[in-house]
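See below for target_15.cif, which holds mmCIF, C-alpha atoms and all ligand atoms.
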```cif
data_start
loop_
_atom_site.label_atom_id
_atom_site.label_comp_id
_atom_site.auth_asym_id
_atom_site.auth_seq_id
_atom_site.Cartn_x
_atom_site.Cartn_y
_atom_site.Cartn_z
CA MET A 1 10.80 181.64 188.80
CA LYS A 2 13.64 179.75 190.51
CA GLY A 3 14.85 176.31 189.51
CA LEU A 4 17.51 173.66 189.95
CA VAL A 5 19.37 172.31 186.91
CA LEU A 6 19.17 168.51 186.93
CA LYS A 7 20.51 167.76 183.47
CA SER A 8 22.06 169.57 180.56
CA THR A 9 22.26 168.08 177.10
CA GLY A 10 24.20 170.54 175.00
CA SER A 11 21.89 173.48 174.49
CA HIS A 12 18.97 172.20 176.59
CA TYR A 13 18.61 172.22 180.35
CA ASN A 14 16.17 170.14 182.39
CA VAL A 15 15.27 172.34 185.33
CA SER A 16 13.24 171.34 188.36
CA THR A 17 10.88 174.14 189.48
CA GLU A 18 7.89 174.56 191.78
CA ARG A 19 5.80 174.18 188.62
CA GLY A 20 7.39 170.90 187.59
CA MET A 21 10.21 170.05 185.19
CA LYS A 22 11.00 172.67 182.55
CA ASP A 23 12.96 172.26 179.34
CA CYS A 24 15.00 175.47 179.15
CA THR A 25 17.48 177.17 176.89
CA LEU A 26 20.13 179.67 177.91
CA GLY A 27 19.56 183.43 177.69
CA GLY A 28 21.95 185.42 175.51
CA ARG A 29 23.59 187.32 178.33
CA LEU A 30 24.70 184.13 180.11
CA ARG A 31 25.93 182.64 176.84
CA LEU A 32 28.01 185.67 175.98
CA GLU A 33 29.34 186.56 179.39
CA ASP A 34 31.12 183.33 179.88
CA LEU A 35 33.19 182.13 176.95
CA LYS A 36 35.93 180.48 178.95
CA HIS A 37 33.61 177.69 180.05
CA THR A 38 32.06 175.20 177.62
CA ASN A 39 29.01 175.32 179.89
CA PRO A 40 28.21 178.56 181.72
CA VAL A 41 25.39 176.76 183.54
CA SER A 42 25.90 173.27 184.93
CA VAL A 43 24.11 170.50 186.72
CA GLY A 44 23.49 171.53 190.33
CA ASP A 45 23.11 175.20 189.52
CA HIS A 46 20.26 177.23 190.95
CA VAL A 47 18.91 179.44 188.21
CA ILE A 48 16.26 182.06 187.49
CA ILE A 49 13.91 181.27 184.62
CA SER A 50 11.77 183.62 182.58
CA ASP A 51 8.78 182.04 180.84
CA GLU A 52 7.76 185.04 178.77
CA GLU A 53 9.05 183.62 175.48
CA GLY A 54 9.59 179.93 176.14
CA ASP A 55 11.51 178.87 179.23
CA ILE A 56 14.80 180.70 179.29
CA ILE A 57 17.47 180.70 181.98
CA ILE A 58 18.16 184.38 182.55
CA ASP A 59 20.31 184.30 185.66
CA LEU A 60 22.52 182.15 187.82
CA VAL A 61 22.38 182.15 191.63
CA PRO A 62 25.92 182.45 193.08
CA ARG A 63 27.44 179.01 193.65
CA LYS A 64 28.53 177.56 196.99
CA ASN A 65 31.28 175.71 195.11
CA TYR A 66 31.87 173.79 191.89
CA LEU A 67 34.23 171.27 190.33
CA ILE A 68 36.02 172.30 187.17
CA ARG A 69 38.42 170.69 184.70
CA LYS A 70 39.88 171.37 181.28
CA ALA A 71 37.32 170.64 178.57
CA THR A 72 39.85 168.52 176.71
CA ASN A 73 43.57 168.16 177.22
CA LEU A 74 44.54 170.73 174.62
CA SER A 75 41.60 173.06 175.03
CA LYS A 76 41.87 176.44 176.72
CA GLN A 77 38.21 176.14 177.63
CA THR A 78 37.14 174.66 180.92
CA HIS A 79 34.18 172.50 181.81
CA ILE A 80 32.17 172.84 185.00
CA VAL A 81 31.45 169.29 186.10
CA ALA A 82 28.78 170.26 188.65
CA ALA A 83 27.93 173.03 191.11
CA ASN A 84 26.84 173.22 194.76
CA ILE A 85 28.35 169.91 195.84
CA ASP A 86 28.30 168.66 199.45
CA GLN A 87 30.45 165.67 198.72
CA LEU A 88 32.59 164.50 195.82
CA ILE A 89 33.06 160.76 195.52
CA ILE A 90 36.12 159.94 193.45
CA LEU A 91 35.33 156.43 192.31
CA ALA A 92 38.35 154.36 191.35
CA SER A 93 39.04 150.72 190.58
CA TYR A 94 42.35 148.91 190.74
CA LYS A 95 41.57 146.97 187.59
CA LEU A 96 38.89 146.66 184.91
CA PRO A 97 39.51 149.55 184.45
CA ARG A 98 42.70 150.63 186.20
CA THR A 99 42.60 154.02 187.93
CA SER A 100 46.00 155.57 188.61
CA THR A 101 46.67 157.49 191.80
CA GLY A 102 47.73 160.29 189.42
CA PHE A 103 44.12 160.62 188.31
CA ILE A 104 42.86 160.53 191.91
CA ASP A 105 45.35 163.17 193.03
CA ARG A 106 44.51 165.56 190.19
CA VAL A 107 40.84 165.40 191.13
CA LEU A 108 41.64 165.68 194.85
CA ALA A 109 43.92 168.69 194.37
CA THR A 110 41.28 170.42 192.25
CA ALA A 111 38.64 169.64 194.86
CA GLU A 112 40.87 171.25 197.51
CA ALA A 113 41.35 174.30 195.30
CA TYR A 114 37.61 174.72 194.73
CA ASN A 115 36.42 173.91 198.26
CA VAL A 116 34.69 170.68 197.38
CA PRO A 117 34.83 168.07 200.19
CA ALA A 118 36.05 164.84 198.58
CA MET A 119 36.43 161.16 199.40
CA VAL A 120 38.27 158.33 197.67
CA VAL A 121 36.41 155.09 197.01
CA PHE A 122 37.93 152.02 195.36
CA ASN A 123 35.15 149.89 193.89
CA LYS A 124 35.37 146.34 192.48
CA THR A 125 37.49 144.99 195.35
CA ASP A 126 35.78 141.63 194.68
CA LEU A 127 37.99 141.27 191.59
CA LEU A 128 41.28 141.51 193.49
CA ASP A 129 43.65 138.87 194.82
CA GLU A 130 45.36 139.30 198.15
CA GLU A 131 48.36 141.17 196.83
CA GLU A 132 46.24 143.60 194.84
CA LEU A 133 43.98 144.18 197.83
CA GLU A 134 47.01 144.99 199.92
CA GLU A 135 48.11 147.64 197.46
CA VAL A 136 44.66 149.20 197.49
CA MET A 137 44.67 149.13 201.30
CA PHE A 138 48.00 150.94 201.23
CA TYR A 139 46.56 153.74 199.09
CA LEU A 140 43.43 153.96 201.24
CA ASN A 141 45.55 154.23 204.40
CA VAL A 142 47.54 157.08 202.91
CA TYR A 143 44.38 158.97 201.95
CA SER A 144 42.74 158.41 205.30
CA SER A 145 45.89 159.51 207.14
CA LEU A 146 45.53 162.78 205.21
CA GLY A 147 42.03 163.16 206.60
CA TYR A 148 40.02 161.96 203.61
CA THR A 149 37.30 159.38 203.95
CA ALA A 150 38.72 156.45 201.99
CA LEU A 151 36.91 153.17 201.35
CA GLY A 152 37.36 149.90 199.53
CA ILE A 153 34.00 148.55 198.39
CA SER A 154 32.24 146.30 195.91
CA ALA A 155 28.92 146.96 194.26
CA GLU A 156 28.35 143.17 194.58
CA ASN A 157 28.54 143.37 198.35
CA PRO A 158 25.34 144.58 200.08
CA GLU A 159 27.28 145.71 203.17
CA SER A 160 29.44 147.99 201.02
CA VAL A 161 26.33 149.44 199.43
CA ASN A 162 24.82 150.11 202.88
CA VAL A 163 27.93 151.98 203.98
CA LEU A 164 27.80 154.14 200.87
CA ARG A 165 24.06 154.70 201.22
CA GLU A 166 24.57 156.11 204.73
CA LEU A 167 27.34 158.39 203.47
CA VAL A 168 25.32 159.92 200.63
CA LYS A 169 22.00 160.30 202.46
CA ASP A 170 20.58 163.84 202.58
CA LYS A 171 23.55 165.32 200.72
CA THR A 172 24.27 166.43 197.17
CA ASN A 173 26.86 163.91 195.99
CA LEU A 174 28.94 164.01 192.84
CA PHE A 175 30.33 160.75 191.43
CA THR A 176 33.31 161.02 189.12
CA GLY A 177 35.79 158.50 187.71
CA HIS A 178 36.82 156.61 184.59
CA SER A 179 34.25 154.91 182.40
CA GLY A 180 33.38 151.48 183.76
CA VAL A 181 34.38 151.94 187.41
CA GLY A 182 30.75 151.36 188.39
CA LYS A 183 29.29 154.82 189.06
CA SER A 184 25.85 154.10 187.62
CA THR A 185 25.81 150.55 189.00
CA LEU A 186 26.40 151.82 192.54
CA ILE A 187 23.79 154.56 192.23
CA ASN A 188 21.24 151.92 191.15
CA LYS A 189 22.18 149.82 194.19
CA ILE A 190 21.99 152.76 196.58
CA ASP A 191 18.47 153.49 195.33
CA PRO A 192 16.92 150.35 193.82
CA THR A 193 13.99 152.38 192.44
CA LEU A 194 16.44 153.80 189.87
CA ASN A 195 17.30 152.12 186.62
CA LEU A 196 20.31 153.97 185.19
CA ARG A 197 21.91 152.43 182.15
CA THR A 198 25.11 150.52 182.88
CA GLY A 199 27.63 149.07 180.47
CA THR A 200 30.08 146.23 180.26
CA ILE A 201 33.86 146.38 180.17
CA SER A 202 35.46 145.89 176.77
CA ASP A 203 37.38 142.58 176.61
CA LYS A 204 39.92 144.07 174.29
CA PHE A 205 40.84 147.24 176.17
CA ASN A 206 39.71 146.39 179.73
CA LYS A 207 37.93 149.71 179.78
CA GLY A 208 34.37 150.95 180.09
CA LYS A 209 32.28 151.87 177.07
CA HIS A 210 31.14 155.36 178.06
CA THR A 211 27.60 154.28 178.84
CA THR A 212 26.51 157.42 180.71
CA THR A 213 26.63 160.30 178.22
CA PHE A 214 25.31 163.33 180.11
CA ALA A 215 25.73 164.45 183.71
CA GLU A 216 22.49 164.08 185.60
CA MET A 217 21.45 165.05 189.10
CA ILE A 218 19.15 162.37 190.48
CA PRO A 219 16.96 162.77 193.58
CA ILE A 220 17.30 159.60 195.67
CA SER A 221 14.46 158.08 197.66
CA ILE A 222 16.27 158.11 201.03
CA GLY A 223 16.89 161.88 200.68
CA GLY A 224 19.51 163.88 198.86
CA PHE A 225 20.84 163.81 195.33
CA ILE A 226 23.46 161.91 193.40
CA ILE A 227 25.03 163.42 190.31
CA ASP A 228 26.01 160.67 187.87
CA THR A 229 28.54 161.77 185.28
CA PRO A 230 30.02 160.30 182.09
CA GLY A 231 33.33 158.53 182.68
CA ILE A 232 36.38 160.62 181.88
CA LYS A 233 39.78 159.46 180.59
CA GLU A 234 41.83 162.30 181.99
CA PHE A 235 41.13 164.91 184.58
CA GLY A 236 42.88 167.95 183.12
CA MET A 237 43.58 170.44 185.90
CA VAL A 238 42.73 174.04 185.16
CA ARG A 239 45.61 176.50 185.08
CA MET A 240 46.98 177.57 188.41
CA ASP A 241 50.20 179.01 189.69
CA LYS A 242 52.81 176.34 190.46
CA HIS A 243 53.24 177.62 193.99
CA GLU A 244 49.55 177.18 194.59
CA VAL A 245 49.72 173.40 194.06
CA THR A 246 51.55 172.97 197.37
CA HIS A 247 48.41 174.20 199.12
CA TYR A 248 46.31 171.42 197.61
CA PHE A 249 48.42 168.48 198.79
CA ARG A 250 47.61 168.33 202.49
CA GLU A 251 50.90 166.73 203.54
CA LEU A 252 52.86 169.44 201.69
CA PHE A 253 50.70 172.23 203.05
CA ALA A 254 51.31 170.91 206.57
CA LEU A 255 55.04 171.70 206.10
CA LYS A 256 54.41 175.21 204.87
CA GLY A 257 56.98 177.67 206.17
CA GLN A 258 59.49 174.97 207.11
CA CYS A 259 61.56 175.02 203.91
CA LYS A 260 64.60 177.31 203.67
CA PHE A 261 63.03 179.29 200.81
CA ASN A 262 59.49 180.43 201.23
CA ASN A 263 58.85 180.05 197.49
CA CYS A 264 60.17 176.46 197.58
CA LEU A 265 58.54 174.14 195.04
CA HIS A 266 60.10 171.11 196.77
CA VAL A 267 61.83 169.87 193.63
CA ASN A 268 65.57 170.13 194.36
CA GLU A 269 65.95 173.19 196.56
CA PRO A 270 68.40 173.03 199.51
CA ASP A 271 67.00 172.53 203.01
CA CYS A 272 63.57 171.57 201.75
CA ALA A 273 61.29 170.24 204.49
CA VAL A 274 59.29 168.19 201.98
CA LEU A 275 62.34 166.44 200.55
CA LYS A 276 63.49 165.73 204.08
CA ALA A 277 60.08 164.29 205.05
CA LEU A 278 60.17 162.19 201.90
CA ASP A 279 63.59 160.86 202.87
CA GLU A 280 62.25 159.92 206.28
CA ASN A 281 59.23 158.17 204.70
CA LYS A 282 56.85 160.61 206.33
CA ILE A 283 55.30 161.42 202.96
CA ALA A 284 54.07 158.78 200.52
CA ASN A 285 56.28 158.55 197.45
CA PHE A 286 53.36 158.12 195.06
CA ARG A 287 51.75 161.33 196.28
CA TYR A 288 54.98 163.27 195.81
CA LYS A 289 55.41 161.85 192.28
CA ASN A 290 51.87 162.87 191.42
CA TYR A 291 52.61 166.34 192.75
CA LEU A 292 55.69 166.62 190.51
CA ASN A 293 53.64 165.45 187.52
CA ILE A 294 51.12 168.20 188.15
CA LEU A 295 53.93 170.79 188.28
CA ASP A 296 55.14 169.45 184.90
CA THR A 297 51.73 169.84 183.29
CA LEU A 298 51.59 173.45 184.53
CA GLU A 299 54.85 174.30 182.72
N1 LIG A 301 32.92 142.71 189.58
C1 LIG A 301 32.37 143.91 189.73
N2 LIG A 301 31.80 144.52 188.68
C2 LIG A 301 31.25 145.74 188.87
C3 LIG A 301 31.27 146.39 190.13
N3 LIG A 301 30.67 147.60 189.99
C4 LIG A 301 30.30 147.70 188.70
N4 LIG A 301 30.63 146.58 188.02
C5 LIG A 301 30.43 146.31 186.58
O1 LIG A 301 31.20 147.25 185.82
C6 LIG A 301 30.55 147.54 184.59
C7 LIG A 301 30.48 149.04 184.36
O2 LIG A 301 29.60 149.61 185.29
P1 LIG A 301 28.88 151.04 185.07
O3 LIG A 301 28.07 151.27 186.29
O4 LIG A 301 28.20 151.10 183.76
O5 LIG A 301 30.14 152.01 185.05
P2 LIG A 301 30.14 153.62 184.97
O6 LIG A 301 31.21 154.07 185.89
O7 LIG A 301 28.77 154.15 185.17
O8 LIG A 301 30.64 153.85 183.44
P3 LIG A 301 30.32 155.08 182.42
O9 LIG A 301 28.87 155.39 182.48
O10 LIG A 301 30.76 154.54 181.10
O11 LIG A 301 31.19 156.22 182.89
C8 LIG A 301 29.19 146.83 184.65
O12 LIG A 301 29.30 145.63 183.92
C9 LIG A 301 29.01 146.55 186.12
O13 LIG A 301 28.20 145.44 186.38
C10 LIG A 301 31.88 145.71 191.23
O14 LIG A 301 31.97 146.19 192.37
N5 LIG A 301 32.42 144.49 190.97
MG MG A 302 27.55 155.33 184.01
ZN ZN A 303 60.43 172.66 199.98
#
```

Starting from the file, give its structure as structure tokens.
Amino acid sequence: MKGLVLKSTGSHYNVSTERGMKDCTLGGRLRLEDLKHTNPVSVGDHVIISDEEGDIIIDLVPRKNYLIRKATNLSKQTHIVAANIDQLIILASYKLPRTSTGFIDRVLATAEAYNVPAMVVFNKTDLLDEEELEEVMFYLNVYSSLGYTALGISAENPESVNVLRELVKDKTNLFTGHSGVGKSTLINKIDPTLNLRTGTISDKFNKGKHTTTFAEMIPISIGGFIIDTPGIKEFGMVRMDKHEVTHYFRELFALKGQCKFNNCLHVNEPDCAVLKALDENKIANFRYKNYLNILDTLE
């Protein structure tokens, strides 16, 4: 029997099948084959279930794509955030909590590497003064000039919610971002029949309280799915070759072949087309800094 994994809570998987929801465990072969991931099967996976001795996931249908990150910063293991994603929504907020562009760019670069179409959405714009809004607009302009859909919204504003509702309709959407940026709040607004738990922001730390604790794929009434995920502090990029990173920053990739050395990392090499573009303000400084930071973490 085939099924779609909607939720996984440690060793149990809630799987939607033609015979209703099934509470499944993982067959031994899948558990043993895949030790580099903390979760060999993830939300969004299509699986094959055997119901001979309880409901057991015995096989995984090949994935269209998936998003992956380091399980924890020091861990060698990786965590599959979700599989078979039409659209990744990187949800950020300028404050309460603050999302750095470094975080956004690590997720974006990983999405490029794993063929996950991504967009950048700054929520909570209602909290910003003019100067702060301008800074957010600057970031959004950079991302949209790179070809990403980039939006400033507020969950408090019905027009914003309508825009988002149109964007997610009939697709499988993955929401990711820090705790407290408003992922669950927005999903509730997009589909008012839902009642996901939401949390407040801690007064002391200006951060969310990790209200959502397990990733869950939720069918929405207008059509499609939204995958709500627990907020993450860091998005640890999985290991990749340093030279590969250039491919995942669109403005760097666009200059491919124009540096003097074809293995140029664009750090301090002579006749580097990226450094030249940076000098001429054709590349955003913050993006380049985030690129260098990623190279550092791959040391
Ligand atoms: N002012 C304002 N508050 C918002 C907005 N969106 C969400 N909030 C508030 O932010 C808080 C956190 O929202 P959640 O939806 O729980 O955040 P989350 O991203 O799901 O957090 P985790 O589940 O912990 O990862 C709640 O108090 C929301 O009411 C917004 O656009 N503006
Ligand atoms: Mg939540
Ligand atoms: Zn270069």

Write out, as CSV, each residue of range 220-244 of chain A that has an atom at most 12 Å from range 275-291 of chain A, together with the closest pair of atoms and their distance in Å to one decimal, counting all atoms listed in the file, rows going by chain and rising number.
```
residue,atom,partner,partner_atom,distance
A:Lys242,CA,A:Tyr291,CA,10.3
A:His243,CA,A:Tyr291,CA,11.4
A:Glu244,CA,A:Tyr291,CA,11.4
```

Please report as a tab-separated table every residue of chain A lying within 10 Å of ligand LIG 301 (chain A), along with the nearest atom pair and their distance in Å (one decimal), using all atoms listed in the file.
```
residue	atom	partner	partner_atom	distance
A:Leu91	CA	A:LIG301	O6	8.0
A:Ala92	CA	A:LIG301	O6	9.0
A:Ser93	CA	A:LIG301	O14	8.6
A:Lys95	CA	A:LIG301	N1	9.8
A:Leu96	CA	A:LIG301	O1	7.8
A:Pro97	CA	A:LIG301	O1	8.7
A:Phe122	CA	A:LIG301	O14	8.9
A:Asn123	CA	A:LIG301	O14	5.1
A:Lys124	CA	A:LIG301	O14	3.4
A:Thr125	CA	A:LIG301	O14	6.4
A:Asp126	CA	A:LIG301	N5	5.8
A:Leu127	CA	A:LIG301	N1	5.6
A:Leu128	CA	A:LIG301	N1	9.3
A:Gly152	CA	A:LIG301	O14	9.7
A:Ile153	CA	A:LIG301	O14	6.8
A:Ser154	CA	A:LIG301	O14	3.6
A:Ala155	CA	A:LIG301	O14	3.7
A:Glu156	CA	A:LIG301	O14	5.2
A:Asn157	CA	A:LIG301	O14	7.4
A:Ser160	CA	A:LIG301	O14	9.2
A:Val161	CA	A:LIG301	O14	9.6
A:Phe175	CA	A:LIG301	O6	8.7
A:Thr176	CA	A:LIG301	O6	7.9
A:Gly177	CA	A:LIG301	O6	6.6
A:His178	CA	A:LIG301	O11	5.9
A:Ser179	CA	A:LIG301	O11	3.4
A:Gly180	CA	A:LIG301	O5	3.5
A:Val181	CA	A:LIG301	O6	4.1
A:Gly182	CA	A:LIG301	O3	3.4
A:Lys183	CA	A:LIG301	O6	3.8
A:Ser184	CA	A:LIG301	O7	3.8
A:Thr185	CA	A:LIG301	O3	3.6
A:Leu186	CA	A:LIG301	O3	6.5
A:Ile187	CA	A:LIG301	O3	8.0
A:Asn188	CA	A:LIG301	O3	8.4
A:Lys189	CA	A:LIG301	N3	9.7
A:Leu196	CA	A:LIG301	O3	8.3
A:Arg197	CA	A:LIG301	O4	6.6
A:Thr198	CA	A:LIG301	O4	3.3
A:Gly199	CA	A:LIG301	O4	3.9
A:Thr200	CA	A:LIG301	O12	3.8
A:Ile201	CA	A:LIG301	C6	5.6
A:Ser202	CA	A:LIG301	C6	9.4
A:Lys207	CA	A:LIG301	O10	8.7
A:Gly208	CA	A:LIG301	O10	5.2
A:Lys209	CA	A:LIG301	O10	5.1
A:His210	CA	A:LIG301	O10	3.2
A:Thr211	CA	A:LIG301	O10	3.9
A:Thr212	CA	A:LIG301	O9	3.6
A:Thr213	CA	A:LIG301	O9	6.9
A:Phe214	CA	A:LIG301	O9	9.0
A:Ala215	CA	A:LIG301	O9	9.7
A:Asp228	CA	A:LIG301	O7	7.6
A:Thr229	CA	A:LIG301	O11	6.6
A:Pro230	CA	A:LIG301	O11	4.3
A:Gly231	CA	A:LIG301	O11	3.2
A:Ile232	CA	A:LIG301	O11	6.9
A:Lys233	CA	A:LIG301	O11	9.5
```

Closest atom pairs, chain A residues within 7 Å of ligand ZN 303 (chain A), all atoms listed in the file, as JSON lines:
```
{"residue": "A:Cys259", "atom": "CA", "partner": "A:ZN303", "partner_atom": "ZN", "distance": 4.7}
{"residue": "A:Cys264", "atom": "CA", "partner": "A:ZN303", "partner_atom": "ZN", "distance": 4.5}
{"residue": "A:Leu265", "atom": "CA", "partner": "A:ZN303", "partner_atom": "ZN", "distance": 5.5}
{"residue": "A:His266", "atom": "CA", "partner": "A:ZN303", "partner_atom": "ZN", "distance": 3.6}
{"residue": "A:Glu269", "atom": "CA", "partner": "A:ZN303", "partner_atom": "ZN", "distance": 6.5}
{"residue": "A:Cys272", "atom": "CA", "partner": "A:ZN303", "partner_atom": "ZN", "distance": 3.8}
{"residue": "A:Ala273", "atom": "CA", "partner": "A:ZN303", "partner_atom": "ZN", "distance": 5.2}
{"residue": "A:Val274", "atom": "CA", "partner": "A:ZN303", "partner_atom": "ZN", "distance": 5.0}
{"residue": "A:Leu275", "atom": "CA", "partner": "A:ZN303", "partner_atom": "ZN", "distance": 6.5}
```

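Computed from the coordinates, the CA of Ser144 in chain A to CA of Lys64 in chain A distance equals 25.3 Å.
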
(request) Considering only C-alpha atoms and all ligand atoms, state which residue in the set A:Ala150, A:Leu292, A:Ala254, A:Ile227 is at the smallest distance from ligand MG 302 (chain A). (result)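 Among A:Ala150, A:Leu292, A:Ala254, A:Ile227, it is A:Ile227 that comes nearest to ligand MG 302 (chain A).
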